[in-house]
Amino acid sequence: MTRRTTYTFILSVIILFATSSCDKYLDLKPRDGVVRQEFWQTKEQVAAAINGCYASMLNPALAEKLFLWGELRADMLQLAAVPATYFNIVNVNIESTNNVTDWSAIYTTINDCNTVIEFAPGVLEVDKTFTQEALNAYIGEALALRSLMYFYLARSFGDVPLKLEATSTDKDEVRLPKSSQREVFEQIVKDLKTAEQYLPANYSTNDQTKGRITKFAVNAMLADVYLWLEDYNSSLAECDKVINAGRYGLVTGDNTWFTTIFYEGGSNESIFELYFHLNRQNPFYNLFAASNRRFRAALKVGEEIYTADEIDPTNKDIRGNGAALQFNDNSIWKYQGINSSSARASSASDANWIFYRYADILLMKAEALNQLGQGQAALDIVQVIRERANALPETEELLEPDDKLGIANYILAERAREFAFEGKRWYDLLRNARRNNYENLGLLLDIVPTTASLETQQSAIVKYRDYNSHYFPVYFYELETNKSLVQNPFYN
Amino acid sequence: MGNKTFTRNWLAALVGVVVLIVTSTSCQKEEFDIYTTSDVNITEYLAKHPESFSQYSKILAITKAEGSLAAYGTYTSFVPTNDAIDAYLRAEGKSSVNDFSVAELEDLVRFHLIRDTIPSVEFSDGKLRTPTMFGQYIITGAQNTAGSTRHYINRQALLLQGDIRLGNGIVHVIDNVLRPSRQTLAEMVSANPDFSIFSQALKETGYYDYLNVLPKDQEDSSKFFHTVLVESNQVLSAAGINSYDALKSRYSNTGNPASPEDSLHLYIGYHILPGLKYLPDVVKAASHTTLSPQDVITTKLNGTTILVNEDTFNGVREPGAEIKREGSDVTAANGVLHVMKDPYKIKIRFPIPIYWEVTDQPEITKLANYRKGNSPKYKPGDLQDVNWEMGDVQYIVAPQARQFYVYHNDYLFFPALRTNVNGNGWIEFKTPLLVKGKYKVWISFIRRKGGGGVQISFNGKPLPRILKFNEQLAGMRLVGDTYTYPEGVTPESLEALGIKSPFGGRPEPEYRVPFYNNPELFIEYHGGQNYALLAGTIDVEQTDRHTLRMDAVWEGSGDVQFDMIHFIPENEDQLWPKFNPDGTIVPKP
């Protein structure tokens with residue numbers, strides 16, 4: 001009897017443990033997050049999702065990529081303690097294993113936007129307090145952010161996979177081939193046109209108006225895309241929409257100019273910028289300020305781009321010494337300065353990344369006007385920008401209004417002064433070089449002697465003569481995981 | 001009883017079965033995929049792709065190279081496709097690879113093989129860093145044909161597919177067979193009618209025979225290769241010289257160009273550089289010795305233009321002569337040929353100061369992480385221009401170097417300099433090129449515990465002072481925001497003692513050196529840590545590279561670390577310029 005009880009007891013214990021120890025596998029829902037079926041129920045969740053899209057852009061890898069893609073191949077950086085991969089880019093020795101060409105951070109944001117675009121409309125049916133108008137505004141933001149990301153990709157890689165649906169389950173296999181650069185640009189225009197209809201002109205607070213996509217941010221992007229499409233009438237029209245709105249103006253070029261635009265952020269001049277903050281800092285301290293900084297300004301930035309008044313050092317281009325850089329040590333100052341002389345603490349590297357500001361609109365308008373044969377009007381705009389900044393006479397050019405190429409180069413030089421280290425230089429050079437079927441290719445060839453190492457100089461020039469080399473290769477990891485992708489032509 | 005037993009057994013059996021099920025399923029064996037490497041070596045890779053490489057595989061088989069290329073090693077092999085080899089056979093009038101002699105095929109294989117792994121990302125405008133096993137270097141470049149850009153190899157083939165990484169190296173597939181150069185420099189110059197004046201001058205001066213020796217027939221290995229900067233008839237006629245006679249009457253002062261003292265002999269010698277120098281090598285060094293005994297040429301890259309002898313002397317800019325890129329970099333069996341766009345002639349040079357970083361060694365500057373990371377440890381014999389008795393020498397950079405105020409944040413580390421037989425007792429440096437004249441020699445070093453008594457000698461001649469590399473000078477003093485010389489000590493008073501501070505400089509913000517553990521403060525003197533000592537005055541009798549040797553005359557442990565050696569003409573300023581960690585050079589105010 002005792003033995004039987006013992007057996008029964010052992011048996012019960014074993015059965016108890018064997019069956020109860022692992023019953024959670026029957027519950028398929030994750031315990032550490034919300035599944036899609038439980039999300040997308042209320043308008044607050046849609047708002048949270050769109051905030052997530054912006055938050056994904058605060059990923060330091062993304063801002064770093066936008067900076068590297070826009071500046072590394074151009075002529076304004078001096079490489080200090082950088083990885084060998086950066087030298088390979090400067091020497092036009094770019095391989096698909098070069099991690100600068102890893103685009104995953106950009107596609108992460110694109111997928112976040114796709115998720116909003118795909119699932120937010122469903123919330124209309126569940127949440128009766130959610131209106132069509134509010135939904136449209138969110139969709140507009142997602143469309144515009146996605147377009148902005150594709151705009152960076154298409155300018156950096158040429159042809160890229162155009163993914164417009166969300167990847168939300170494991171079954172969504174990503175086997176997408178590339179679309180041509182032109183198709184991507186056209187999709188961007190189409191999406192931005194839709195977003196323009198949906199978006200408000202402003203939000204309740206200034207930080208939101210500058211830090212979220214507005215109707216005018218969309219106009220700014222459209223103006224830029226049209227310049228790449230060489231559709232100057234449309235670009236001009238978009239610039240005028242922003243100008244005529246009367247909401248933006250140039251910040252006066254006085255002592256507080258730098259602090260207002262680049263330290264405080266969200267200035268009257270700003271149209272759309274990425275707000276970093278103390279809890280989510282930008283990657284620029286390590287790039288420009290740390291003792292093992294990766295970059296300084298190239299020597300020519302001080303000597304040729306801004307120049308200095310030898311007799312009266314206080315008579316200076318306000319955008320140069322103490323703004324874009326410090327002349328004494330060529331450190332890049334734009335993201336580390338509080339004003340022209342004091343620096344941010346290493347723990348407070350939260351300068352915003354400015355995508356578009358009013359000066360950009362004016363200079364894009366000048367570029368469009370010049371191409372449309374209105375050279376004098378273009379020169380007048382450049383003069384406005386120069387006067388605000390107290391540009392020095394050494395950098396002034398006297399040009400005939402019908403000297404289209406001369407004015408285009410003058411605008412390009414002014415853009416270098418105005419937007420130094422704002423991630424625009426390479427794109428400006430490339431856009432001007434490739435206009436009218438690469439009429440001005442020399443712009444890119446002239447970069448090489450000032451940047452590439454002397455052993456690779458000649459090869460680099462030869463490579464730049466091949467237009468396909470102006471775009472990055474697809475990163476090897478993407479090629480391995482997506483068998484539909486083919487490597488970009490130059491890199492085969 | 002029987003019933004009870006049954007019940008008990010039944011229960012026992014049940015428990016047993018359940019336990020068995022639970023335990024056996026809980027301990028299911030996991031399936032692991034087991035991988036071994038499937039990397040193939042070069043021979044197997046070629047054999048696996050007979051559609052492209054059967055011909056080259058056959059050549060490897062004939063030459064018995066397939067064995068070594070199937071074993072482990074580090075090779076770079078340029079492999080011509082079957083089409084390339086077929087075209088080569090047609091050009092050579094052969095019907096199959098068997099028609100070549102084994103020796104010919106061996107040469108071919110050797111010329112396509114480098115004992116080093118060189119990926120295409122390291123192809124530059126000049127020669128590859130390691131010669132082929134044939135002995136000649138392969139040059140690379142980029143070429144744009146029919147809208148696509150490819151690397152071209154030795155100006156003979158295009159790279160079809162690069163960087164096939166295999167177990168024992170890298171294969172680069174090329175579309176033509178590479179042919180080594182068979183002509184000597186002398187033959188190459190005289191074969192070109194455009195060079196007839198220069199060619200005749202070579203013959204008259206005797207340099208023709210000098211340049212007509214193949215490396216295999218040359219006994220002196222320093223004379224294997226030469227670089228000739230040839231001036232074409234057109235270039236000479238632009239300078240008013242239309243014939244050899246005109247050249248002779250312009251330059252020959254003795255009337256006998258074959259005499260080494262004749263100035264036409266010197267003129268031609270001045271156009272021949274010892275060593276193999278492709279254009280990137282020409283511009284990488286600022287000056288080169290020539291066969292004209294006491295004269296050097298200087299080179300400079302201006303944008304993309306290479307200029308010879310473009311110099312500023314005493315504030316006067318002397319315009320240089322350009323090297324024509326097209327037609328240059330032509331490989332001969334015993335050197336390389338460049339073509340001048342303008343003529344140049346010998347200049348009378350005066351001694352100029354040489355501020356030499358001892359870290360500027362070819363093996364070190366070749367490192368992929370030069371100035372970015374420490375080098376591997378070198379043993380005696382690893383560096384061609386520095387030698388020492390024993391121990392590991394290392395090239396050190398920031399961050400390890402940051403606490404010292406050394407130029408470019410880098411220095412060379414030696415384990416010891418002592419008389420004990422078990423320690424390193426001497427170091428020998430080959431100096432950079434010094435122009436004939438008298439110089440003061442300053443050793444800029446980091447003060448450590450070692451090297452408490454060192455005798456310096458120049459070309460075997462001892463210099464008068466015994467240097468103490470472990471001596472701690474009077475400490476620095478904080479004045480305002482700058483650490484500076486101690487009370488009562490000036491740079492001039494130190495100079496009189498044979499001491500100077502090689503860094504620091506002027507009060508202007510761009511020339512200040514931040515104090516390493518407080519960037520708010522600055523520094524211009526650190527007698528406790530690094531400074532420079534005067535070794536003595538040397539007399540350089542010939543413009544050349546010389547030997548500077550350090551011998552220990554003191555016993556004690558501790559390492560020694562060197563930053564720079566300054567050779568400053570004795571009547572010039574000895575204190576300026578200053579050399580700072582960030583690479584800035586501070587000129588005299």
# chains A, B, ... in the order shown; residues from 1 in each chain; ligands from 1

call {"tool": "interface_residues", "arguments": {"of": "chain B", "to": "chain A", "cutoff": "7 Å", "atoms": "only C-alpha atoms", "output": "number ranges by chain"}}
result
B: 8, 11-12, 15, 121, 124-126, 141-144, 147-149, 280, 303-304, 372, 509-510

call {"tool": "residues_around", "arguments": {"residues": "B:Asn168", "least_positions_apart": "3", "cutoff": "6 Å", "atoms": "only C-alpha atoms", "output": "list of chain:residue names"}}
result
B:Asn41, B:Tyr72, B:Gly73, B:Thr74

call {"tool": "atom_distance", "arguments": {"atom1": "atom CA of B:Glu219", "atom2": "atom CA of B:Leu273"}}
result
18.4 Å

call {"tool": "atom_distance", "arguments": {"atom1": "atom CA of A:Cys53", "atom2": "atom CA of A:Ala289"}}
result
28.6 Å

call {"tool": "residues_around", "arguments": {"residues": "B:Thr130", "least_positions_apart": "2", "cutoff": "9 Å", "atoms": "only C-alpha atoms", "output": "ChimeraX atom specification"}}
result
/B:114-116,118,127-128,132,137-138

call {"tool": "decode", "arguments": {"residues": "stretch 332-343 of chain A", "atoms": "N, CA and C atoms", "output": "CSV table (one decimal), in the first residue's frame"}}
result
chain,number,residue,atom,x,y,z
A,332,ILE,N,35.6,71.8,-37.6
A,332,ILE,CA,34.2,72.0,-38.1
A,332,ILE,C,33.3,72.5,-37.0
A,333,TRP,N,32.8,73.6,-37.0
A,333,TRP,CA,32.2,74.3,-35.9
A,333,TRP,C,30.7,74.2,-35.9
A,334,LYS,N,30.1,74.0,-37.1
A,334,LYS,CA,28.7,74.2,-37.2
A,334,LYS,C,27.9,73.4,-36.2
A,335,TYR,N,28.3,72.2,-35.9
A,335,TYR,CA,27.5,71.4,-34.9
A,335,TYR,C,28.1,71.4,-33.5
A,336,GLN,N,29.2,72.1,-33.3
A,336,GLN,CA,29.7,72.1,-32.0
A,336,GLN,C,29.7,73.5,-31.3
A,337,GLY,N,29.3,74.5,-32.0
A,337,GLY,CA,29.4,75.9,-31.5
A,337,GLY,C,28.1,76.3,-30.8
A,338,ILE,N,28.3,77.1,-29.7
A,338,ILE,CA,27.1,77.7,-29.1
A,338,ILE,C,27.0,79.1,-29.8
A,339,ASN,N,28.2,79.8,-29.9
A,339,ASN,CA,28.3,81.0,-30.6
A,339,ASN,C,29.6,80.9,-31.4
A,340,SER,N,30.2,82.0,-31.8
A,340,SER,CA,31.4,81.9,-32.6
A,340,SER,C,32.6,81.4,-31.8
A,341,SER,N,32.5,81.5,-30.5
A,341,SER,CA,33.7,81.1,-29.8
A,341,SER,C,33.5,80.0,-28.7
A,342,SER,N,32.4,79.9,-28.1
A,342,SER,CA,32.2,78.8,-27.1
A,342,SER,C,31.6,77.5,-27.7
A,343,ALA,N,32.2,76.4,-27.2
A,343,ALA,CA,31.7,75.1,-27.8
A,343,ALA,C,30.7,74.4,-26.8
